[in-house]
>>> print(open('target-v1.cif').read())   # mmCIF, C-alpha atoms
data_input
#
loop_
_atom_site.label_atom_id
_atom_site.label_comp_id
_atom_site.auth_asym_id
_atom_site.auth_seq_id
_atom_site.Cartn_x
_atom_site.Cartn_y
_atom_site.Cartn_z
CA MET O 246 -21.21 75.57 66.69
CA ASN O 247 -24.54 75.89 64.86
CA HIS O 248 -23.34 79.06 63.12
CA ILE O 249 -20.16 77.29 61.98
CA LEU O 250 -22.14 74.39 60.48
CA PHE O 251 -24.58 76.83 58.86
CA PHE O 252 -21.72 78.91 57.43
CA SER O 253 -19.86 75.83 56.12
CA ALA O 254 -22.94 74.31 54.48
CA PHE O 255 -23.95 77.52 52.71
CA LEU O 256 -20.42 78.29 51.60
CA GLY O 257 -20.15 74.78 50.13
CA VAL O 258 -23.31 75.33 48.10
CA PHE O 259 -22.08 78.70 46.89
CA ILE O 260 -18.76 77.18 45.78
CA LEU O 261 -20.61 74.57 43.71
CA LEU O 262 -22.80 77.23 42.10
CA HIS O 263 -19.75 79.30 41.17
CA LEU O 264 -18.09 76.23 39.65
CA TYR O 265 -21.17 75.57 37.53
CA ILE O 266 -21.21 79.18 36.27
CA TRP O 267 -17.51 78.98 35.42
CA ARG O 268 -17.57 75.63 33.63
CA ARG O 269 -20.96 75.71 31.91
CA PHE O 270 -21.21 79.40 31.13
CA VAL O 271 -17.98 81.43 31.19
CA GLN O 272 -15.74 78.72 29.68
CA LYS O 273 -18.24 78.18 26.85
CA LEU O 274 -18.28 81.83 25.82
CA ASP O 275 -16.45 82.76 22.62
CA ILE O 276 -14.20 85.32 24.28
CA SER O 277 -10.46 85.74 24.71
CA GLU O 278 -8.55 83.96 27.46
CA LYS O 279 -7.73 87.36 28.94
CA THR O 280 -11.45 88.16 29.26
CA LYS O 281 -12.10 84.73 30.77
CA LEU O 282 -9.40 85.48 33.34
CA PHE O 283 -11.28 88.66 34.23
CA PHE O 284 -14.47 86.65 34.76
CA TYR O 285 -12.54 84.11 36.84
CA ILE O 286 -11.30 86.89 39.13
CA PHE O 287 -14.81 88.34 39.26
CA LEU O 288 -16.34 85.00 40.33
CA LEU O 289 -13.61 84.46 42.92
CA THR O 290 -14.17 87.96 44.29
CA ASN O 291 -17.91 87.32 44.34
CA LEU O 292 -17.36 84.14 46.37
CA PHE O 293 -15.19 86.00 48.90
CA GLY O 294 -17.88 88.66 49.08
CA ILE O 295 -20.46 86.02 50.04
CA ALA O 296 -18.13 84.68 52.74
CA GLY O 297 -17.70 88.25 53.99
CA TYR O 298 -21.49 88.69 54.06
CA MET O 299 -22.01 85.55 56.17
CA LEU O 300 -19.32 86.64 58.62
CA ALA O 301 -20.65 90.20 58.79
CA ARG O 302 -24.24 89.07 59.32
CA TYR O 303 -23.52 86.89 62.31
CA SER O 304 -20.14 87.93 63.70
CA LEU O 305 -18.48 91.12 62.50
CA HIS O 306 -19.44 94.74 63.11
CA ILE O 307 -18.81 96.69 59.91
CA PRO O 308 -20.10 99.98 58.43
CA ASN O 309 -23.26 99.79 56.32
CA TRP O 310 -21.51 100.70 53.07
CA LEU O 311 -19.22 97.68 53.40
CA TYR O 312 -22.11 95.45 54.43
CA PHE O 313 -23.95 96.64 51.30
CA LEU O 314 -21.00 95.59 49.11
CA PHE O 315 -20.78 92.21 50.85
CA SER O 316 -24.51 91.53 50.45
CA ILE O 317 -24.77 92.08 46.68
CA PRO O 318 -22.76 88.96 45.60
CA ILE O 319 -25.49 86.54 46.76
CA GLY O 320 -28.04 88.16 44.44
CA VAL O 321 -25.52 88.38 41.60
CA LEU O 322 -24.72 84.69 42.07
CA PHE O 323 -28.35 83.63 41.88
CA LEU O 324 -29.07 85.68 38.74
CA LEU O 325 -25.83 84.46 37.11
CA PHE O 326 -26.72 80.87 37.97
CA CYS O 327 -30.19 81.23 36.39
CA THR O 328 -28.60 82.81 33.33
CA ALA O 329 -26.04 79.99 33.16
CA VAL O 330 -28.76 77.33 33.29
CA VAL O 331 -30.74 78.97 30.48
CA TYR O 332 -27.52 79.46 28.50
CA ASP O 333 -26.49 75.84 29.01
CA ILE O 334 -29.85 74.51 27.80
CA SER O 335 -29.97 76.93 24.84
CA ARG O 336 -26.44 76.05 23.75
CA SER O 337 -27.23 72.33 23.90
CA LEU O 338 -30.38 72.80 21.82
CA LEU O 339 -28.47 74.92 19.31
CA GLN O 340 -26.03 72.07 18.73
CA LEU O 341 -28.92 69.77 17.80
CA VAL O 342 -30.35 72.11 15.15
CA PRO O 343 -29.09 71.38 11.60
CA LEU O 344 -27.37 74.61 10.56
CA SER O 345 -24.40 75.64 8.49
CA GLN O 346 -21.28 76.38 10.53
CA SER O 347 -21.43 80.10 9.76
CA ARG O 348 -25.05 80.37 10.90
CA ARG O 349 -24.32 78.26 13.98
CA ASN O 350 -21.44 80.60 14.88
CA PHE O 351 -23.74 83.60 14.41
CA PHE O 352 -26.42 82.24 16.72
CA LYS O 353 -23.82 81.16 19.25
CA LYS O 354 -22.34 84.67 19.31
CA THR O 355 -25.82 86.16 19.68
CA LEU O 356 -26.53 83.80 22.58
CA ASP O 357 -23.26 84.75 24.26
CA ILE O 358 -23.93 88.48 24.05
CA SER O 359 -27.61 88.33 25.00
CA SER O 360 -26.94 86.07 28.01
CA PHE O 361 -24.27 88.36 29.41
CA ALA O 362 -26.43 91.44 28.73
CA ALA O 363 -29.45 89.83 30.43
CA ALA O 364 -27.47 88.93 33.56
CA THR O 365 -26.11 92.48 33.82
CA ALA O 366 -29.47 94.16 33.18
CA LEU O 367 -31.34 91.94 35.65
CA SER O 368 -28.77 92.57 38.38
CA LEU O 369 -29.01 96.35 37.94
CA ARG O 370 -32.81 96.22 37.74
CA SER O 371 -33.06 94.17 40.94
CA LEU O 372 -30.89 96.69 42.83
CA TYR O 373 -33.17 99.47 41.59
CA GLU O 374 -36.43 97.70 42.56
CA ALA O 375 -35.21 97.02 46.11
CA ARG O 376 -35.11 100.77 46.81
CA PHE O 377 -38.91 101.03 46.93
CA ILE O 378 -41.64 99.91 49.32
CA GLU O 379 -45.07 100.00 47.73
CA VAL O 380 -48.38 100.22 49.58
CA GLN O 381 -50.62 97.45 48.28
CA ARG O 382 -54.32 98.11 48.92
CA VAL O 383 -56.55 95.05 49.17
CA HIS O 384 -60.31 94.78 49.72
CA VAL O 385 -61.61 91.63 51.44
CA HIS O 386 -65.25 90.85 52.19
CA ILE O 387 -65.88 88.86 55.38
CA LYS O 388 -69.12 87.18 56.37
CA GLU O 389 -70.84 88.45 59.54
CA LEU O 390 -68.55 91.47 59.81
CA LYS O 391 -70.59 94.52 60.84
CA LYS O 392 -68.35 97.40 59.73
CA PRO O 393 -65.11 97.99 57.77
CA TYR O 394 -61.66 97.88 59.40
CA THR O 395 -58.24 98.76 58.00
CA ILE O 396 -55.36 96.40 58.74
CA ALA O 397 -51.81 97.49 57.93
CA GLN O 398 -49.69 94.38 57.46
CA ILE O 399 -45.90 94.29 57.38
CA SER O 400 -43.85 91.12 57.22
CA ASP O 401 -40.35 89.70 56.80
CA ILE O 402 -38.49 92.86 57.74
CA HIS O 403 -35.38 90.90 58.81
CA ILE O 404 -33.84 93.53 61.07
CA GLY O 405 -30.06 93.25 60.80
CA GLY O 406 -27.39 94.48 58.42
CA LEU O 407 -28.93 97.01 56.06
CA ILE O 408 -32.33 96.82 57.77
CA ASP O 409 -31.58 99.35 60.51
CA GLU O 410 -33.31 102.02 62.56
CA ASP O 411 -33.65 104.42 59.60
CA PHE O 412 -35.29 101.68 57.52
CA ILE O 413 -37.80 100.98 60.30
CA LYS O 414 -38.57 104.70 60.70
CA THR O 415 -39.44 104.83 56.99
CA ILE O 416 -41.80 101.87 57.39
CA VAL O 417 -43.44 103.43 60.45
CA GLN O 418 -43.98 106.71 58.61
CA LYS O 419 -45.62 104.96 55.64
CA VAL O 420 -47.83 102.81 57.86
CA ASN O 421 -48.99 105.73 60.01
CA ALA O 422 -49.99 107.63 56.87
CA LEU O 423 -52.60 104.92 56.26
CA HIS O 424 -54.33 105.64 59.62
CA PRO O 425 -54.98 101.92 60.21
CA ASP O 426 -57.24 100.40 62.83
CA ILE O 427 -54.55 97.83 63.65
CA VAL O 428 -50.99 97.06 62.59
CA VAL O 429 -49.96 93.40 62.24
CA ILE O 430 -46.43 92.00 61.86
CA THR O 431 -46.46 88.48 60.41
CA GLY O 432 -43.04 87.17 61.38
CA ASP O 433 -39.34 87.28 60.51
CA LEU O 434 -39.03 90.62 62.24
CA ILE O 435 -35.50 90.06 63.56
CA ASP O 436 -32.63 88.19 61.91
CA ILE O 437 -29.73 88.91 64.30
CA ASP O 438 -29.07 88.70 68.00
CA VAL O 439 -31.71 90.92 69.59
CA SER O 440 -29.04 92.82 71.56
CA LYS O 441 -27.83 94.24 68.23
CA ALA O 442 -31.32 95.31 67.16
CA LYS O 443 -32.45 97.48 70.08
CA GLU O 444 -32.44 100.82 68.23
CA ALA O 445 -34.32 99.44 65.23
CA LEU O 446 -36.82 97.62 67.44
CA SER O 447 -37.49 100.71 69.53
CA ALA O 448 -38.67 102.57 66.43
CA LEU O 449 -41.62 100.15 66.23
CA LYS O 450 -43.12 101.87 69.30
CA ASN O 451 -44.10 104.76 67.06
CA PHE O 452 -46.81 102.92 65.12
CA ASN O 453 -50.13 104.77 65.45
CA SER O 454 -53.36 102.83 65.12
CA THR O 455 -56.78 102.70 66.76
CA PHE O 456 -56.44 99.27 68.39
CA GLY O 457 -52.69 98.66 68.58
CA THR O 458 -49.93 96.56 67.02
CA TYR O 459 -49.88 92.75 66.95
CA TYR O 460 -47.12 90.29 66.15
CA VAL O 461 -46.52 86.61 65.46
CA VAL O 462 -43.09 85.02 65.06
CA GLY O 463 -41.64 83.68 61.83
CA ASN O 464 -39.11 80.91 61.34
CA HIS O 465 -36.06 83.21 61.62
CA GLU O 466 -36.86 84.21 65.21
CA TYR O 467 -36.21 80.60 66.24
CA PHE O 468 -32.59 80.93 65.07
CA HIS O 469 -31.76 83.95 67.26
CA GLY O 470 -33.25 83.23 70.68
CA ILE O 471 -37.01 83.27 70.35
CA LYS O 472 -37.69 83.74 74.08
CA THR O 473 -35.50 86.85 74.26
CA ILE O 474 -37.04 88.25 71.07
CA LEU O 475 -40.57 87.76 72.43
CA GLN O 476 -39.66 89.56 75.64
CA SER O 477 -38.08 92.44 73.73
CA VAL O 478 -41.10 92.89 71.46
CA LYS O 479 -43.53 92.76 74.38
CA SER O 480 -41.51 95.45 76.18
CA LEU O 481 -42.37 97.82 73.33
CA GLY O 482 -46.10 97.54 74.06
CA ILE O 483 -46.67 95.32 71.03
CA ARG O 484 -49.09 92.45 71.67
CA VAL O 485 -47.57 89.09 70.77
CA LEU O 486 -50.16 86.48 69.81
CA GLU O 487 -48.85 83.15 71.07
CA ASN O 488 -51.51 80.63 70.06
CA GLU O 489 -54.15 83.05 71.30
CA ASN O 490 -56.63 85.67 70.14
CA ILE O 491 -57.96 89.09 71.01
CA TYR O 492 -61.18 90.86 70.09
CA ILE O 493 -60.78 93.97 67.95
CA GLY O 494 -63.41 96.70 68.03
CA ALA O 495 -66.59 97.30 69.97
CA GLU O 496 -68.39 94.21 71.24
CA GLY O 497 -70.59 92.76 68.53
CA GLU O 498 -69.15 95.06 65.84
CA GLY O 499 -65.58 93.81 65.51
CA PHE O 500 -63.66 90.61 64.84
CA TYR O 501 -61.28 88.22 66.50
CA LEU O 502 -57.58 88.48 65.66
CA ALA O 503 -55.78 85.18 66.30
CA GLY O 504 -52.13 84.25 65.95
CA VAL O 505 -50.02 81.09 66.06
CA TYR O 506 -46.35 80.20 66.36
CA ASP O 507 -44.53 79.23 63.17
CA ILE O 508 -44.61 75.65 61.87
CA ILE O 509 -40.82 75.34 62.23
CA GLY O 510 -41.66 74.87 65.90
CA TYR O 511 -42.80 71.33 65.07
CA ARG O 512 -39.29 70.43 63.92
CA LEU O 513 -37.52 72.22 66.77
CA LYS O 514 -39.97 70.91 69.40
CA SER O 515 -40.37 74.40 70.81
CA HIS O 516 -43.04 77.11 70.53
CA MET O 517 -45.25 74.92 68.34
CA PRO O 518 -48.42 76.28 66.71
CA ASP O 519 -51.73 75.26 68.27
CA LEU O 520 -54.64 76.41 66.13
CA GLN O 521 -57.31 74.99 68.40
CA LYS O 522 -55.97 77.01 71.31
CA ALA O 523 -55.57 80.12 69.15
CA LEU O 524 -59.23 79.96 68.07
CA HIS O 525 -60.62 79.35 71.56
CA LYS O 526 -64.04 81.02 71.97
CA THR O 527 -63.97 82.60 68.50
CA GLN O 528 -66.74 80.38 67.11
CA ASN O 529 -69.42 82.05 64.98
CA SER O 530 -67.53 85.35 64.89
CA PRO O 531 -65.48 86.95 62.08
CA THR O 532 -61.88 85.80 62.57
CA VAL O 533 -58.57 86.87 61.05
CA LEU O 534 -55.59 84.55 61.64
CA LEU O 535 -51.92 85.57 61.61
CA ALA O 536 -49.61 82.70 60.57
CA HIS O 537 -46.16 83.36 59.15
CA GLN O 538 -46.01 80.65 56.47
CA PRO O 539 -48.81 80.24 53.90
CA LYS O 540 -48.29 76.49 54.24
CA PHE O 541 -50.01 76.62 57.62
CA ILE O 542 -53.31 77.01 55.77
CA GLU O 543 -53.25 73.23 55.28
CA GLU O 544 -54.09 72.97 59.00
CA VAL O 545 -57.00 75.42 58.85
CA PHE O 546 -60.31 73.67 58.28
CA ASP O 547 -62.90 75.87 59.95
CA GLY O 548 -63.37 78.99 62.04
CA VAL O 549 -61.14 81.38 60.06
CA ASP O 550 -62.31 83.90 57.45
CA LEU O 551 -58.99 85.44 56.46
CA MET O 552 -55.40 84.32 57.02
CA LEU O 553 -52.52 86.79 56.74
CA SER O 554 -49.04 85.43 56.00
CA GLY O 555 -45.61 86.34 54.67
CA HIS O 556 -42.45 84.22 54.46
CA THR O 557 -42.24 83.90 50.67
CA HIS O 558 -40.91 87.43 49.87
CA GLY O 559 -42.91 86.99 46.67
CA GLY O 560 -39.84 85.11 45.45
CA GLN O 561 -37.71 88.29 46.02
CA LEU O 562 -35.70 87.58 42.85
CA TYR O 563 -38.21 86.43 40.24
CA PRO O 564 -36.71 83.10 39.12
CA PHE O 565 -36.63 82.05 42.79
CA ARG O 566 -40.43 82.31 42.79
CA PHE O 567 -40.66 78.93 41.08
CA LEU O 568 -38.58 77.26 43.81
CA VAL O 569 -40.73 78.86 46.53
CA LYS O 570 -43.82 77.48 44.79
CA LEU O 571 -42.51 73.96 45.41
CA GLN O 572 -42.68 74.58 49.16
CA GLN O 573 -45.56 77.02 49.65
CA PRO O 574 -49.11 76.83 48.21
CA TYR O 575 -49.40 80.60 47.76
CA ILE O 576 -46.70 83.13 46.87
CA SER O 577 -48.13 86.65 46.99
CA GLY O 578 -51.44 88.43 46.89
CA LEU O 579 -55.02 87.45 47.73
CA TYR O 580 -56.33 83.92 47.18
CA LYS O 581 -59.63 82.18 47.87
CA HIS O 582 -58.58 78.92 49.52
CA ASN O 583 -62.13 77.59 49.78
CA GLU O 584 -65.68 78.89 50.11
CA LYS O 585 -65.08 80.10 53.67
CA LEU O 586 -61.39 80.96 53.83
CA GLN O 587 -59.26 83.56 52.04
CA ILE O 588 -55.53 84.16 52.43
CA TYR O 589 -53.38 87.19 51.75
CA VAL O 590 -49.61 86.76 51.39
CA ASN O 591 -47.44 89.83 51.89
CA LYS O 592 -44.31 89.95 49.65
CA GLY O 593 -42.17 91.15 52.55
CA THR O 594 -41.44 94.68 53.71
CA GLY O 595 -37.70 94.17 53.97
CA PHE O 596 -35.43 91.63 52.32
CA TRP O 597 -33.18 88.74 53.25
CA GLY O 598 -29.62 88.67 51.96
CA PRO O 599 -28.90 91.03 49.08
CA PRO O 600 -30.67 94.41 48.78
CA MET O 601 -32.14 93.14 45.52
CA ARG O 602 -35.68 92.45 44.34
CA LEU O 603 -36.87 91.46 40.90
CA GLY O 604 -40.56 91.23 40.08
CA ALA O 605 -41.45 91.32 43.77
CA THR O 606 -41.36 94.85 45.17
CA ALA O 607 -41.25 95.21 48.96
CA GLU O 608 -44.71 95.84 50.33
CA ILE O 609 -46.82 97.30 53.10
CA SER O 610 -50.30 95.80 52.81
CA GLU O 611 -53.32 98.00 53.44
CA ILE O 612 -56.01 95.39 53.92
CA ILE O 613 -59.52 96.77 54.24
CA ILE O 614 -62.00 94.18 55.45
CA PHE O 615 -65.67 94.81 54.64
CA PRO O 616 -68.97 93.18 55.55
CA GLN O 617 -69.84 90.60 52.89
CA LYS O 618 -72.25 91.92 50.30
CA LYS O 619 -75.70 90.45 50.55
CA ILE O 620 -77.03 89.10 47.27
#
>>> encode(input="target-v1.cif", output="structure tokens")
Amino acid sequence: MNHILFFSAFLGVFILLHLYIWRRFVQKLDISEKTKLFFYIFLLTNLFGIAGYMLARYSLHIPNWLYFLFSIPIGVLFLLFCTAVVYDISRSLLQLVPLSQSRRNFFKKTLDISSFAAATALSLRSLYEARFIEVQRVHVHIKELKKPYTIAQISDIHIGGLIDEDFIKTIVQKVNALHPDIVVITGDLIDIDVSKAKEALSALKNFNSTFGTYYVVGNHEYFHGIKTILQSVKSLGIRVLENENIYIGAEGEGFYLAGVYDIIGYRLKSHMPDLQKALHKTQNSPTVLLAHQPKFIEEVFDGVDLMLSGHTHGGQLYPFRFLVKLQQPYISGLYKHNEKLQIYVNKGTGFWGPPMRLGATAEISEIIIFPQKKI
């Protein structure tokens, strides 16, 4: 029942977006009716592709090549919608400028061509960028830390659809090449029923690090049976931090690694984050906190030196970055939240929806924490 409501709501939004593109962009172009008919068929096909994607993600079992084709229309829709909005505003402004009719026609034609070219180029570029996972090296100085440690962070893999066992094996290979002290997974690991993700999950057992692999849930785990997911991850030998902490390194030379449930737990009244419990007995020691959403930092007032998060995907498709900023205080990279607390936000190692990224390459974070320099 929940999947039906989810599917219906999203499909309704997608229909409205397609209507806007048709009426405020395509119909305003100075092109022949035959060409407009082609665009009409394209938009209708794109809409059916999105419906196919939603069905394939949660119900159907289809080959990856078909899933790939079904997943692209969501990204194309978003980039077309952004182009349509810019086109709509530009066309309205052009009508207000006092120009001769010939010059107005020239600028209108230029706007038509450049808008269509931009939408096409951005779609192709985003497909190209999604093929790569970059290793982002970050240096962070932490007070009272005695020696350096390397943390490999991955986040927002979203196992399901195109994120399969081969994709996970590639991630594992890249992470192991960093020879990290610990591997941390900051949520949104699984985005399908866990019974369909066993092969991909099993590949996570092959992470090699000095002190093990640690995991906190993201918001998407709550949609697919969080209890079953937690059990499955634990069975792999991965330590799940459920409002708790563990000491990393030799006594007196290491740091505490703490982790909390995701803040969506507040709304669902299940598996709710408890920072006080997570930081139990960590006082006066270097502490790194794993929390899926950067927004959780609003609850952190003391006792944490570095928070590692994900969730934002760095915007995934660049214009979407501005919408994410309305909901999250930090989007990607390292920030100094206050004098005591820093936060690093991973752009996501996988992707959600279309295999498209624009201005936000998928990332594995190599975070090297150092003792704070004495002045």
>>> residues_around(input="target-v1.cif", residues="Asp519 in chain O", least_positions_apart="4", cutoff="9 Å", atoms="all atoms listed in the file", output="list in words")
Glu487, Asn488, Glu489, Val505, Tyr506, Ala523 and Leu524 of chain O
>>> atom_distance(input="target-v1.cif", atom1="CA of Leu274 in chain O", atom2="CA of Phe361 in chain O")
9.6 Å
>>> residues_around(input="target-v1.cif", residues="Phe377 in chain O", least_positions_apart="4", cutoff="9 Å", atoms="all atoms listed in the file", output="list in words")
Tyr373, Thr606, Ala607 and Glu608 of chain O
>>> closest_residue(input="target-v1.cif", among="O:Ser530, O:Ala296, O:Trp267, O:His582", to="Phe283 in chain O", atoms="all atoms listed in the file")
O:Trp267
>>> closest_residue(input="target-v1.cif", among="O:Gly548, O:Thr527, O:Leu262, O:Thr455", to="Ala329 in chain O", atoms="all atoms listed in the file")
O:Leu262
>>> residues_around(input="target-v1.cif", residues="Ile491 in chain O", least_positions_apart="2", cutoff="9 Å", atoms="all atoms listed in the file", output="list in words")
Leu486, Glu489, Ile493, Phe500, Tyr501, Leu502 and Ala503 of chain O
>>> write_last_selection(input="target-v1.cif", atoms="C-alpha atoms", output="short mmCIF file (atom, residue, chain, number, x, y, z; two decimals), in the coordinates of the input")
data_model
loop_
_atom_site.label_atom_id
_atom_site.label_comp_id
_atom_site.auth_asym_id
_atom_site.auth_seq_id
_atom_site.Cartn_x
_atom_site.Cartn_y
_atom_site.Cartn_z
CA LEU O 486 -50.16 86.48 69.81
CA GLU O 489 -54.15 83.05 71.30
CA ILE O 493 -60.78 93.97 67.95
CA PHE O 500 -63.66 90.61 64.84
CA TYR O 501 -61.28 88.22 66.50
CA LEU O 502 -57.58 88.48 65.66
CA ALA O 503 -55.78 85.18 66.30
#
>>> closest_residue(input="target-v1.cif", among="O:Ala448, O:Asp411, O:Ser577, O:Arg269", to="Cys327 in chain O", atoms="only C-alpha atoms")
O:Arg269
